[in-house]
There are 2 protein chains.
Amino acid sequence: MSEISRNAGSGGASSGRIGIGLELDATHLKILEVLRENGRISVSALAERVGISRASAYTRFEALRADGAIKRFTAEIDHVRTGLGITALIFVTVRQQMWKQFRAELARMPEVEYCAITTGQHDAMILVRMADVAEVHAMVTDRLAGIPAVKATETVFILDEVLKRPYVLPSDRGKPRSARRGAQETQGDVPLGKMRFVGAAEGRAALRKDE
Amino acid sequence: MSEISRNAGSGGASSGRIGIGLELDATHLKILEVLRENGRISVSALAERVGISRASAYTRFEALRADGAIKRFTAEIDHVRTGLGITALIFVTVRQQMWKQFRAELARMPEVEYCAITTGQHDAMILVRMADVAEVHAMVTDRLAGIPAVKATETVFILDEVLKRPYVLPSDRGKPRSARRGAQETQGDVPLGKMRFVGAAEGRAALRKDE
DNA sequence: GTTGAAATTAGTACGAA
DNA sequence: TTCGTACTAATTTCAAC
């Protein structure tokens, strides 16, 4: 089998691991589909829904876990119920050569749910959950601004989370049989489709695999 | 596993439900802490780790699910393994009075993992997982640009996902016992702490609860 | 809210196709 | 590989305290 070399910029899932462990077939994907909706389903019930025997289900389930295709099982909660109903995005411009420090500081921020390094105008995007807007403000001005590695920030509030899937799968495609609308390639608005590849990217390589 | 363990596609991603069902105490939060790391743990083992009896664990577990504090259980996967190792953020400017249509189109895009309505320069942020950058480009130019409701887009690629927690909890705070660095409130850079509240927000209310 | 029992189910280890 | 079965261990449920 030929080695599938994911190109360097393929950042995605944060795991620096190279090398394909196992080839995922249609059955594997079906298992992941079921597990996405019900992560606590028993392997027996999983086998039934996928259409394989119990023994096979155990084998494949274990293989997916051992291979790392399934990282872990978790829950999804209602943040309003837990009192952290305010969600904000903080776009951060990181001072060059200080990525390691920035990353270290991130580990000390439990209210950060997600952080990604991006191309474009800013260097990183942080998603935080807070009790109120004042806490967001405090976070940005007191915590983030105090980090030397942080050059600038821009905060945006999330008004509504329209869609939140645990993950997407290749098998999801082809589902929406709804018609593609008739070729409206011509657009009147100018800034449509603007893509940002450039930006302060020199120091970004320093961030990869420091842990 | 029996009834309490199974969760169908019950909980919606963004339920606009108001009203607190049950008051979450420290024990509830501890349960959520354990479940965040291991969503498939047995209730018996959960009881042990939380420090309560089995019966109490079952009761509280059930209550959290019934109340909606726990929306569902799911898995976390490695997108590189599934062939969708390219992640991109697409910031969308939505034409006013066309939010409903925009939302309808979103439902037809299985490659969209997350979509949030935001304040600021853009109106929405979409996170997509793709096989390669060409697919991202195709998605933006062919699919999104074809939607009348979409006025403009701006695409940014995710180079690395530094941090990804299933969720954050109020009990997470106070954890980082690492010292707060000595009060560096003075900053030389100007744009620090810029917050965006304004923007085209008139039509946003129309998006809430249409389904 | 807690313990301790029984009943059910899950997980494992073999064969055989 | 996958399937089917038997065996072992664990969990869930339900009872009483």
# chains A, B, ... in the order shown; residues from 1 in each chain; ligands from 1
>>> residues_around(residues="A:Val168", least_positions_apart="4", cutoff="8 Å", atoms="only C-alpha atoms (C1' of nucleotides)", output="PyMOL selection string")
(chain A and resi 172) or (chain B and resi 110-113+129)
>>> residues_around(residues="D:DT8", least_positions_apart="4", cutoff="10 Å", atoms="only C-alpha atoms (C1' of nucleotides)", output="VMD selection string")
chain C and resid 11 to 13
>>> residues_around(residues="D:DA15", least_positions_apart="5", cutoff="12 Å", atoms="only C-alpha atoms (C1' of nucleotides)", output="ChimeraX atom specification")
/C:3-6
>>> select_by_dssp(residues="stretch 3-197 of chain B", states="alpha helix (DSSP H)", output="PDB file with N, CA and C atoms, in the first residue's frame")
ATOM      1  N   ALA B  26     -22.028  20.689  43.879  1.00  0.00           N
ATOM      2  CA  ALA B  26     -20.640  20.281  43.646  1.00  0.00           C
ATOM      3  C   ALA B  26     -20.541  18.847  43.142  1.00  0.00           C
ATOM      4  N   THR B  27     -21.434  18.005  43.617  1.00  0.00           N
ATOM      5  CA  THR B  27     -21.422  16.601  43.189  1.00  0.00           C
ATOM      6  C   THR B  27     -21.808  16.462  41.720  1.00  0.00           C
ATOM      7  N   HIS B  28     -22.792  17.231  41.317  1.00  0.00           N
ATOM      8  CA  HIS B  28     -23.176  17.217  39.907  1.00  0.00           C
ATOM      9  C   HIS B  28     -21.999  17.621  39.029  1.00  0.00           C
ATOM     10  N   LEU B  29     -21.322  18.647  39.443  1.00  0.00           N
ATOM     11  CA  LEU B  29     -20.189  19.126  38.662  1.00  0.00           C
ATOM     12  C   LEU B  29     -19.071  18.086  38.604  1.00  0.00           C
ATOM     13  N   LYS B  30     -18.918  17.397  39.705  1.00  0.00           N
ATOM     14  CA  LYS B  30     -17.879  16.371  39.725  1.00  0.00           C
ATOM     15  C   LYS B  30     -18.225  15.242  38.763  1.00  0.00           C
ATOM     16  N   ILE B  31     -19.495  14.923  38.698  1.00  0.00           N
ATOM     17  CA  ILE B  31     -19.947  13.902  37.748  1.00  0.00           C
ATOM     18  C   ILE B  31     -19.648  14.341  36.325  1.00  0.00           C
ATOM     19  N   LEU B  32     -19.935  15.613  36.061  1.00  0.00           N
ATOM     20  CA  LEU B  32     -19.678  16.133  34.718  1.00  0.00           C
ATOM     21  C   LEU B  32     -18.183  16.166  34.410  1.00  0.00           C
ATOM     22  N   GLU B  33     -17.403  16.359  35.434  1.00  0.00           N
ATOM     23  CA  GLU B  33     -15.948  16.345  35.250  1.00  0.00           C
ATOM     24  C   GLU B  33     -15.468  14.963  34.822  1.00  0.00           C
ATOM     25  N   VAL B  34     -15.975  13.960  35.494  1.00  0.00           N
ATOM     26  CA  VAL B  34     -15.578  12.585  35.167  1.00  0.00           C
ATOM     27  C   VAL B  34     -16.079  12.194  33.783  1.00  0.00           C
ATOM     28  N   LEU B  35     -17.321  12.543  33.516  1.00  0.00           N
ATOM     29  CA  LEU B  35     -17.932  12.194  32.233  1.00  0.00           C
ATOM     30  C   LEU B  35     -17.257  12.899  31.056  1.00  0.00           C
ATOM     31  N   ARG B  36     -16.694  14.029  31.328  1.00  0.00           N
ATOM     32  CA  ARG B  36     -16.001  14.756  30.268  1.00  0.00           C
ATOM     33  C   ARG B  36     -14.791  13.982  29.776  1.00  0.00           C
ATOM     34  N   GLU B  37     -14.118  13.341  30.715  1.00  0.00           N
ATOM     35  CA  GLU B  37     -12.915  12.580  30.361  1.00  0.00           C
ATOM     36  C   GLU B  37     -13.234  11.172  29.902  1.00  0.00           C
ATOM     37  N   VAL B  43     -21.755   3.567  35.585  1.00  0.00           N
ATOM     38  CA  VAL B  43     -22.269   4.389  36.680  1.00  0.00           C
ATOM     39  C   VAL B  43     -21.667   3.940  38.007  1.00  0.00           C
ATOM     40  N   SER B  44     -21.397   2.670  38.103  1.00  0.00           N
ATOM     41  CA  SER B  44     -20.768   2.151  39.318  1.00  0.00           C
ATOM     42  C   SER B  44     -19.388   2.778  39.517  1.00  0.00           C
ATOM     43  N   ALA B  45     -18.604   2.748  38.485  1.00  0.00           N
ATOM     44  CA  ALA B  45     -17.263   3.331  38.566  1.00  0.00           C
ATOM     45  C   ALA B  45     -17.353   4.838  38.774  1.00  0.00           C
ATOM     46  N   LEU B  46     -18.355   5.426  38.159  1.00  0.00           N
ATOM     47  CA  LEU B  46     -18.567   6.869  38.327  1.00  0.00           C
ATOM     48  C   LEU B  46     -18.830   7.207  39.790  1.00  0.00           C
ATOM     49  N   ALA B  47     -19.676   6.400  40.414  1.00  0.00           N
ATOM     50  CA  ALA B  47     -19.998   6.604  41.828  1.00  0.00           C
ATOM     51  C   ALA B  47     -18.743   6.564  42.686  1.00  0.00           C
ATOM     52  N   GLU B  48     -17.902   5.607  42.342  1.00  0.00           N
ATOM     53  CA  GLU B  48     -16.665   5.445  43.104  1.00  0.00           C
ATOM     54  C   GLU B  48     -15.759   6.665  42.965  1.00  0.00           C
ATOM     55  N   ARG B  49     -15.630   7.127  41.752  1.00  0.00           N
ATOM     56  CA  ARG B  49     -14.733   8.263  41.508  1.00  0.00           C
ATOM     57  C   ARG B  49     -15.267   9.566  42.072  1.00  0.00           C
ATOM     58  N   VAL B  50     -16.582   9.658  42.128  1.00  0.00           N
ATOM     59  CA  VAL B  50     -17.176  10.885  42.660  1.00  0.00           C
ATOM     60  C   VAL B  50     -17.248  10.843  44.182  1.00  0.00           C
ATOM     61  N   ARG B  54     -23.694   3.970  44.742  1.00  0.00           N
ATOM     62  CA  ARG B  54     -24.150   3.597  43.405  1.00  0.00           C
ATOM     63  C   ARG B  54     -25.537   4.158  43.120  1.00  0.00           C
ATOM     64  N   ALA B  55     -26.416   3.962  44.055  1.00  0.00           N
ATOM     65  CA  ALA B  55     -27.799   4.406  43.861  1.00  0.00           C
ATOM     66  C   ALA B  55     -27.879   5.918  43.640  1.00  0.00           C
ATOM     67  N   SER B  56     -27.106   6.648  44.395  1.00  0.00           N
ATOM     68  CA  SER B  56     -27.092   8.112  44.226  1.00  0.00           C
ATOM     69  C   SER B  56     -26.558   8.493  42.857  1.00  0.00           C
ATOM     70  N   ALA B  57     -25.560   7.772  42.450  1.00  0.00           N
ATOM     71  CA  ALA B  57     -24.970   8.050  41.148  1.00  0.00           C
ATOM     72  C   ALA B  57     -26.001   7.848  40.039  1.00  0.00           C
ATOM     73  N   TYR B  58     -26.755   6.772  40.161  1.00  0.00           N
ATOM     74  CA  TYR B  58     -27.787   6.511  39.164  1.00  0.00           C
ATOM     75  C   TYR B  58     -28.846   7.613  39.157  1.00  0.00           C
ATOM     76  N   THR B  59     -29.239   7.988  40.335  1.00  0.00           N
ATOM     77  CA  THR B  59     -30.248   9.041  40.461  1.00  0.00           C
ATOM     78  C   THR B  59     -29.771  10.348  39.846  1.00  0.00           C
ATOM     79  N   ARG B  60     -28.567  10.750  40.201  1.00  0.00           N
ATOM     80  CA  ARG B  60     -28.034  12.012  39.697  1.00  0.00           C
ATOM     81  C   ARG B  60     -27.744  11.952  38.204  1.00  0.00           C
ATOM     82  N   PHE B  61     -27.241  10.817  37.790  1.00  0.00           N
ATOM     83  CA  PHE B  61     -26.955  10.623  36.367  1.00  0.00           C
ATOM     84  C   PHE B  61     -28.236  10.778  35.550  1.00  0.00           C
ATOM     85  N   GLU B  62     -29.257  10.121  36.030  1.00  0.00           N
ATOM     86  CA  GLU B  62     -30.552  10.204  35.361  1.00  0.00           C
ATOM     87  C   GLU B  62     -31.101  11.633  35.360  1.00  0.00           C
ATOM     88  N   ALA B  63     -30.952  12.280  36.501  1.00  0.00           N
ATOM     89  CA  ALA B  63     -31.461  13.649  36.642  1.00  0.00           C
ATOM     90  C   ALA B  63     -30.760  14.596  35.674  1.00  0.00           C
ATOM     91  N   LEU B  64     -29.471  14.443  35.546  1.00  0.00           N
ATOM     92  CA  LEU B  64     -28.707  15.316  34.649  1.00  0.00           C
ATOM     93  C   LEU B  64     -29.147  15.127  33.200  1.00  0.00           C
ATOM     94  N   ARG B  65     -29.400  13.897  32.856  1.00  0.00           N
ATOM     95  CA  ARG B  65     -29.844  13.618  31.490  1.00  0.00           C
ATOM     96  C   ARG B  65     -31.264  14.101  31.243  1.00  0.00           C
ATOM     97  N   ALA B  66     -32.113  13.820  32.189  1.00  0.00           N
ATOM     98  CA  ALA B  66     -33.515  14.205  32.053  1.00  0.00           C
ATOM     99  C   ALA B  66     -33.670  15.717  32.043  1.00  0.00           C
ATOM    100  N   ASP B  67     -32.863  16.372  32.822  1.00  0.00           N
ATOM    101  CA  ASP B  67     -32.944  17.822  32.908  1.00  0.00           C
ATOM    102  C   ASP B  67     -32.379  18.508  31.668  1.00  0.00           C
ATOM    103  N   TRP B  99     -31.782  35.340   7.065  1.00  0.00           N
ATOM    104  CA  TRP B  99     -31.198  34.402   8.016  1.00  0.00           C
ATOM    105  C   TRP B  99     -31.855  33.032   7.950  1.00  0.00           C
ATOM    106  N   LYS B 100     -33.125  33.038   7.749  1.00  0.00           N
ATOM    107  CA  LYS B 100     -33.831  31.764   7.720  1.00  0.00           C
ATOM    108  C   LYS B 100     -33.332  30.898   6.562  1.00  0.00           C
ATOM    109  N   GLN B 101     -33.144  31.532   5.433  1.00  0.00           N
ATOM    110  CA  GLN B 101     -32.649  30.801   4.281  1.00  0.00           C
ATOM    111  C   GLN B 101     -31.226  30.309   4.509  1.00  0.00           C
ATOM    112  N   PHE B 102     -30.448  31.173   5.109  1.00  0.00           N
ATOM    113  CA  PHE B 102     -29.069  30.802   5.405  1.00  0.00           C
ATOM    114  C   PHE B 102     -29.030  29.573   6.300  1.00  0.00           C
ATOM    115  N   ARG B 103     -29.887  29.573   7.279  1.00  0.00           N
ATOM    116  CA  ARG B 103     -29.941  28.459   8.206  1.00  0.00           C
ATOM    117  C   ARG B 103     -30.412  27.178   7.524  1.00  0.00           C
ATOM    118  N   ALA B 104     -31.331  27.348   6.620  1.00  0.00           N
ATOM    119  CA  ALA B 104     -31.832  26.187   5.884  1.00  0.00           C
ATOM    120  C   ALA B 104     -30.735  25.569   5.029  1.00  0.00           C
ATOM    121  N   GLU B 105     -29.934  26.418   4.433  1.00  0.00           N
ATOM    122  CA  GLU B 105     -28.850  25.923   3.586  1.00  0.00           C
ATOM    123  C   GLU B 105     -27.787  25.215   4.426  1.00  0.00           C
ATOM    124  N   LEU B 106     -27.598  25.716   5.607  1.00  0.00           N
ATOM    125  CA  LEU B 106     -26.606  25.122   6.515  1.00  0.00           C
ATOM    126  C   LEU B 106     -26.919  23.659   6.794  1.00  0.00           C
ATOM    127  N   VAL B 133      -7.429  21.342   0.597  1.00  0.00           N
ATOM    128  CA  VAL B 133      -7.738  22.763   0.490  1.00  0.00           C
ATOM    129  C   VAL B 133      -8.613  23.071  -0.723  1.00  0.00           C
ATOM    130  N   ALA B 134      -8.483  22.255  -1.744  1.00  0.00           N
ATOM    131  CA  ALA B 134      -9.305  22.464  -2.931  1.00  0.00           C
ATOM    132  C   ALA B 134     -10.785  22.317  -2.604  1.00  0.00           C
ATOM    133  N   GLU B 135     -11.069  21.383  -1.723  1.00  0.00           N
ATOM    134  CA  GLU B 135     -12.462  21.173  -1.327  1.00  0.00           C
ATOM    135  C   GLU B 135     -13.002  22.362  -0.548  1.00  0.00           C
ATOM    136  N   VAL B 136     -12.141  22.964   0.240  1.00  0.00           N
ATOM    137  CA  VAL B 136     -12.548  24.160   0.977  1.00  0.00           C
ATOM    138  C   VAL B 136     -12.895  25.267  -0.008  1.00  0.00           C
ATOM    139  N   HIS B 137     -12.024  25.407  -0.968  1.00  0.00           N
ATOM    140  CA  HIS B 137     -12.255  26.435  -1.984  1.00  0.00           C
ATOM    141  C   HIS B 137     -13.548  26.185  -2.744  1.00  0.00           C
ATOM    142  N   ALA B 138     -13.769  24.943  -3.075  1.00  0.00           N
ATOM    143  CA  ALA B 138     -14.994  24.573  -3.795  1.00  0.00           C
ATOM    144  C   ALA B 138     -16.226  24.839  -2.932  1.00  0.00           C
TER     145      ALA B 138
END
>>> residues_around(residues="C:DA7", least_positions_apart="5", cutoff="12 Å", atoms="only C-alpha atoms (C1' of nucleotides)", output="list in words")
DT11, DT12, DT13 and DC14 of chain D
>>> write_last_selection(atoms="N, CA, C and O atoms (P, O5', C5', C4', C3', O3' and C1' of nucleotides)", output="short mmCIF file (atom, residue, chain, number, x, y, z; two decimals), in the first residue's frame")
data_model
loop_
_atom_site.label_atom_id
_atom_site.label_comp_id
_atom_site.auth_asym_id
_atom_site.auth_seq_id
_atom_site.Cartn_x
_atom_site.Cartn_y
_atom_site.Cartn_z
P DT D 11 -18.23 -2.74 36.88
"O5'" DT D 11 -19.73 -2.54 36.38
"C5'" DT D 11 -20.02 -2.52 35.00
"C4'" DT D 11 -21.50 -2.73 34.76
"C3'" DT D 11 -22.38 -1.70 35.47
"O3'" DT D 11 -23.22 -1.06 34.54
"C1'" DT D 11 -23.16 -3.92 35.90
P DT D 12 -23.93 0.29 34.99
"O5'" DT D 12 -25.43 -0.15 35.31
"C5'" DT D 12 -26.20 -0.74 34.27
"C4'" DT D 12 -27.42 -1.45 34.83
"C3'" DT D 12 -28.37 -0.55 35.62
"O3'" DT D 12 -29.68 -0.68 35.12
"C1'" DT D 12 -27.88 -2.52 36.85
P DT D 13 -30.81 0.35 35.52
"O5'" DT D 13 -31.75 -0.55 36.43
"C5'" DT D 13 -32.04 -1.89 36.03
"C4'" DT D 13 -32.61 -2.68 37.20
"C3'" DT D 13 -33.59 -1.90 38.07
"O3'" DT D 13 -34.81 -2.62 38.15
"C1'" DT D 13 -31.96 -2.99 39.41
P DC D 14 -36.10 -1.90 38.68
"O5'" DC D 14 -36.29 -2.60 40.11
"C5'" DC D 14 -36.04 -4.01 40.22
"C4'" DC D 14 -35.90 -4.39 41.68
"C3'" DC D 14 -36.84 -3.65 42.64
"O3'" DC D 14 -37.48 -4.58 43.51
"C1'" DC D 14 -34.61 -3.50 43.40
#
>>> residues_around(residues="stretch 149-158 of chain A", least_positions_apart="2", cutoff="8 Å", atoms="only C-alpha atoms (C1' of nucleotides)", output="number ranges by chain")
A: 86-96, 98-99, 101-102, 140, 144-147, 160-161; B: 116-120, 189-197
>>> write_last_selection(atoms="C-alpha atoms", output="compact mmCIF listing (two decimals), in the first residue's frame")
# COMPACT_ATOMS: atom_id res chain seq x y z
CA ILE A 86 -21.76 33.47 27.73
CA THR A 87 -19.53 32.38 24.88
CA ALA A 88 -16.90 34.55 23.27
CA LEU A 89 -14.27 34.27 20.61
CA ILE A 90 -10.99 35.99 21.23
CA PHE A 91 -8.72 36.45 18.27
CA VAL A 92 -5.16 36.79 19.38
CA THR A 93 -2.13 38.23 17.67
CA VAL A 94 0.91 36.53 19.10
CA ARG A 95 4.28 38.16 19.34
CA GLN A 96 6.76 36.28 17.25
CA MET A 98 6.81 33.67 21.92
CA TRP A 99 4.51 30.87 20.92
CA GLN A 101 5.03 30.97 26.27
CA PHE A 102 1.62 31.64 24.82
CA VAL A 140 -9.11 39.68 28.06
CA LEU A 144 -4.55 37.78 28.26
CA ALA A 145 -3.22 41.30 28.21
CA GLY A 146 -0.82 40.32 30.95
CA ILE A 147 0.87 37.80 28.76
CA ASP A 160 -26.18 31.67 19.09
CA GLU A 161 -24.65 28.32 18.31
CA ALA B 116 -22.13 30.26 15.41
CA ILE B 117 -23.73 33.66 15.05
CA THR B 118 -21.33 36.32 16.21
CA THR B 119 -21.06 40.00 16.87
CA GLY B 120 -18.39 41.94 15.08
CA ASP B 189 0.66 47.99 21.93
CA VAL B 190 -2.44 49.93 21.17
CA PRO B 191 -5.05 47.61 19.68
CA LEU B 192 -5.08 45.37 22.70
CA GLY B 193 -8.49 44.50 23.98
CA LYS B 194 -10.53 45.74 21.10
CA MET B 195 -14.05 44.45 21.37
CA ARG B 196 -16.61 44.28 18.66
CA PHE B 197 -20.19 44.63 19.63
>>> select_by_dssp(residues="stretch 99-176 of chain A", states="strand (DSSP E)", output="list of chain:residue names")
A:Val112, A:Glu113, A:Tyr114, A:Cys115, A:Ala116, A:Ile117, A:Thr118, A:Ala124, A:Met125, A:Ile126, A:Leu127, A:Val128, A:Arg129, A:Met130, A:Val150, A:Lys151, A:Ala152, A:Thr153, A:Glu154, A:Thr155, A:Val156, A:Phe157, A:Ile158, A:Leu159, A:Asp160, A:Glu161, A:Val162, A:Leu163, A:Lys164
>>> residues_around(residues="C:DA17", least_positions_apart="5", cutoff="12 Å", atoms="only C-alpha atoms (C1' of nucleotides)", output="number ranges by chain")
D: 1-4
>>> residues_around(residues="C:DC14", least_positions_apart="4", cutoff="10 Å", atoms="only C-alpha atoms (C1' of nucleotides)", output="MDAnalysis selection string")
chainID D and resid 5:7
>>> closest_residue(among="A:Ser42, A:Leu169, A:Ile77, A:Asp25", to="chain C", atoms="only C-alpha atoms (C1' of nucleotides)")
A:Ser42
>>> decode(residues="stretch 107-135 of chain A", atoms="N, CA and C atoms", output="PDB file, in the first residue's frame")
ATOM      1  N   ALA A 107      -2.533  26.783  29.002  1.00  0.00           N
ATOM      2  CA  ALA A 107      -2.784  25.636  29.864  1.00  0.00           C
ATOM      3  C   ALA A 107      -3.314  26.066  31.225  1.00  0.00           C
ATOM      4  N   ARG A 108      -3.058  27.305  31.573  1.00  0.00           N
ATOM      5  CA  ARG A 108      -3.511  27.801  32.880  1.00  0.00           C
ATOM      6  C   ARG A 108      -4.873  28.470  32.798  1.00  0.00           C
ATOM      7  N   MET A 109      -5.511  28.335  31.676  1.00  0.00           N
ATOM      8  CA  MET A 109      -6.821  28.968  31.516  1.00  0.00           C
ATOM      9  C   MET A 109      -7.902  27.912  31.317  1.00  0.00           C
ATOM     10  N   PRO A 110      -8.517  27.511  32.398  1.00  0.00           N
ATOM     11  CA  PRO A 110      -9.509  26.434  32.332  1.00  0.00           C
ATOM     12  C   PRO A 110     -10.790  26.856  31.624  1.00  0.00           C
ATOM     13  N   GLU A 111     -11.019  28.142  31.521  1.00  0.00           N
ATOM     14  CA  GLU A 111     -12.243  28.601  30.883  1.00  0.00           C
ATOM     15  C   GLU A 111     -12.149  28.577  29.359  1.00  0.00           C
ATOM     16  N   VAL A 112     -10.976  28.222  28.866  1.00  0.00           N
ATOM     17  CA  VAL A 112     -10.792  28.112  27.417  1.00  0.00           C
ATOM     18  C   VAL A 112     -11.223  26.726  26.950  1.00  0.00           C
ATOM     19  N   GLU A 113     -12.188  26.715  26.066  1.00  0.00           N
ATOM     20  CA  GLU A 113     -12.687  25.441  25.570  1.00  0.00           C
ATOM     21  C   GLU A 113     -11.956  25.003  24.307  1.00  0.00           C
ATOM     22  N   TYR A 114     -11.547  25.972  23.536  1.00  0.00           N
ATOM     23  CA  TYR A 114     -10.945  25.650  22.236  1.00  0.00           C
ATOM     24  C   TYR A 114      -9.940  26.718  21.848  1.00  0.00           C
ATOM     25  N   CYS A 115      -8.847  26.287  21.298  1.00  0.00           N
ATOM     26  CA  CYS A 115      -7.853  27.233  20.778  1.00  0.00           C
ATOM     27  C   CYS A 115      -7.218  26.668  19.524  1.00  0.00           C
ATOM     28  N   ALA A 116      -7.233  27.444  18.480  1.00  0.00           N
ATOM     29  CA  ALA A 116      -6.669  27.005  17.207  1.00  0.00           C
ATOM     30  C   ALA A 116      -5.742  28.064  16.644  1.00  0.00           C
ATOM     31  N   ILE A 117      -4.684  27.602  16.013  1.00  0.00           N
ATOM     32  CA  ILE A 117      -3.770  28.497  15.312  1.00  0.00           C
ATOM     33  C   ILE A 117      -4.293  28.661  13.891  1.00  0.00           C
ATOM     34  N   THR A 118      -4.408  29.876  13.456  1.00  0.00           N
ATOM     35  CA  THR A 118      -5.017  30.116  12.149  1.00  0.00           C
ATOM     36  C   THR A 118      -4.138  30.945  11.230  1.00  0.00           C
ATOM     37  N   THR A 119      -4.461  30.860   9.965  1.00  0.00           N
ATOM     38  CA  THR A 119      -3.875  31.797   9.006  1.00  0.00           C
ATOM     39  C   THR A 119      -4.681  33.082   9.110  1.00  0.00           C
ATOM     40  N   GLY A 120      -4.315  34.054   8.337  1.00  0.00           N
ATOM     41  CA  GLY A 120      -5.112  35.277   8.307  1.00  0.00           C
ATOM     42  C   GLY A 120      -4.598  36.382   9.198  1.00  0.00           C
ATOM     43  N   GLN A 121      -5.481  37.313   9.410  1.00  0.00           N
ATOM     44  CA  GLN A 121      -5.154  38.532  10.142  1.00  0.00           C
ATOM     45  C   GLN A 121      -4.639  38.255  11.548  1.00  0.00           C
ATOM     46  N   HIS A 122      -5.286  37.316  12.224  1.00  0.00           N
ATOM     47  CA  HIS A 122      -4.852  36.983  13.584  1.00  0.00           C
ATOM     48  C   HIS A 122      -4.099  35.663  13.579  1.00  0.00           C
ATOM     49  N   ASP A 123      -3.506  35.356  14.695  1.00  0.00           N
ATOM     50  CA  ASP A 123      -2.696  34.139  14.774  1.00  0.00           C
ATOM     51  C   ASP A 123      -3.409  32.981  15.441  1.00  0.00           C
ATOM     52  N   ALA A 124      -4.282  33.323  16.369  1.00  0.00           N
ATOM     53  CA  ALA A 124      -4.973  32.260  17.098  1.00  0.00           C
ATOM     54  C   ALA A 124      -6.396  32.682  17.419  1.00  0.00           C
ATOM     55  N   MET A 125      -7.235  31.689  17.564  1.00  0.00           N
ATOM     56  CA  MET A 125      -8.610  31.951  17.977  1.00  0.00           C
ATOM     57  C   MET A 125      -8.904  31.140  19.228  1.00  0.00           C
ATOM     58  N   ILE A 126      -9.447  31.812  20.210  1.00  0.00           N
ATOM     59  CA  ILE A 126      -9.764  31.161  21.474  1.00  0.00           C
ATOM     60  C   ILE A 126     -11.264  31.249  21.720  1.00  0.00           C
ATOM     61  N   LEU A 127     -11.846  30.138  22.134  1.00  0.00           N
ATOM     62  CA  LEU A 127     -13.256  30.149  22.514  1.00  0.00           C
ATOM     63  C   LEU A 127     -13.355  29.964  24.018  1.00  0.00           C
ATOM     64  N   VAL A 128     -14.024  30.886  24.672  1.00  0.00           N
ATOM     65  CA  VAL A 128     -14.155  30.809  26.131  1.00  0.00           C
ATOM     66  C   VAL A 128     -15.625  30.795  26.545  1.00  0.00           C
ATOM     67  N   ARG A 129     -15.877  30.145  27.670  1.00  0.00           N
ATOM     68  CA  ARG A 129     -17.229  30.118  28.252  1.00  0.00           C
ATOM     69  C   ARG A 129     -17.173  30.839  29.589  1.00  0.00           C
ATOM     70  N   MET A 130     -18.053  31.797  29.760  1.00  0.00           N
ATOM     71  CA  MET A 130     -18.051  32.600  30.977  1.00  0.00           C
ATOM     72  C   MET A 130     -19.458  32.779  31.535  1.00  0.00           C
ATOM     73  N   ALA A 131     -19.493  33.257  32.763  1.00  0.00           N
ATOM     74  CA  ALA A 131     -20.773  33.468  33.419  1.00  0.00           C
ATOM     75  C   ALA A 131     -21.453  34.734  32.906  1.00  0.00           C
ATOM     76  N   ASP A 132     -20.669  35.751  32.628  1.00  0.00           N
ATOM     77  CA  ASP A 132     -21.238  36.992  32.116  1.00  0.00           C
ATOM     78  C   ASP A 132     -20.206  37.738  31.283  1.00  0.00           C
ATOM     79  N   VAL A 133     -20.644  38.804  30.660  1.00  0.00           N
ATOM     80  CA  VAL A 133     -19.749  39.547  29.770  1.00  0.00           C
ATOM     81  C   VAL A 133     -18.617  40.227  30.534  1.00  0.00           C
ATOM     82  N   ALA A 134     -18.889  40.566  31.772  1.00  0.00           N
ATOM     83  CA  ALA A 134     -17.848  41.207  32.568  1.00  0.00           C
ATOM     84  C   ALA A 134     -16.647  40.275  32.747  1.00  0.00           C
ATOM     85  N   GLU A 135     -16.948  39.009  32.899  1.00  0.00           N
ATOM     86  CA  GLU A 135     -15.868  38.036  33.056  1.00  0.00           C
ATOM     87  C   GLU A 135     -15.038  37.905  31.782  1.00  0.00           C
TER      88      GLU A 135
END
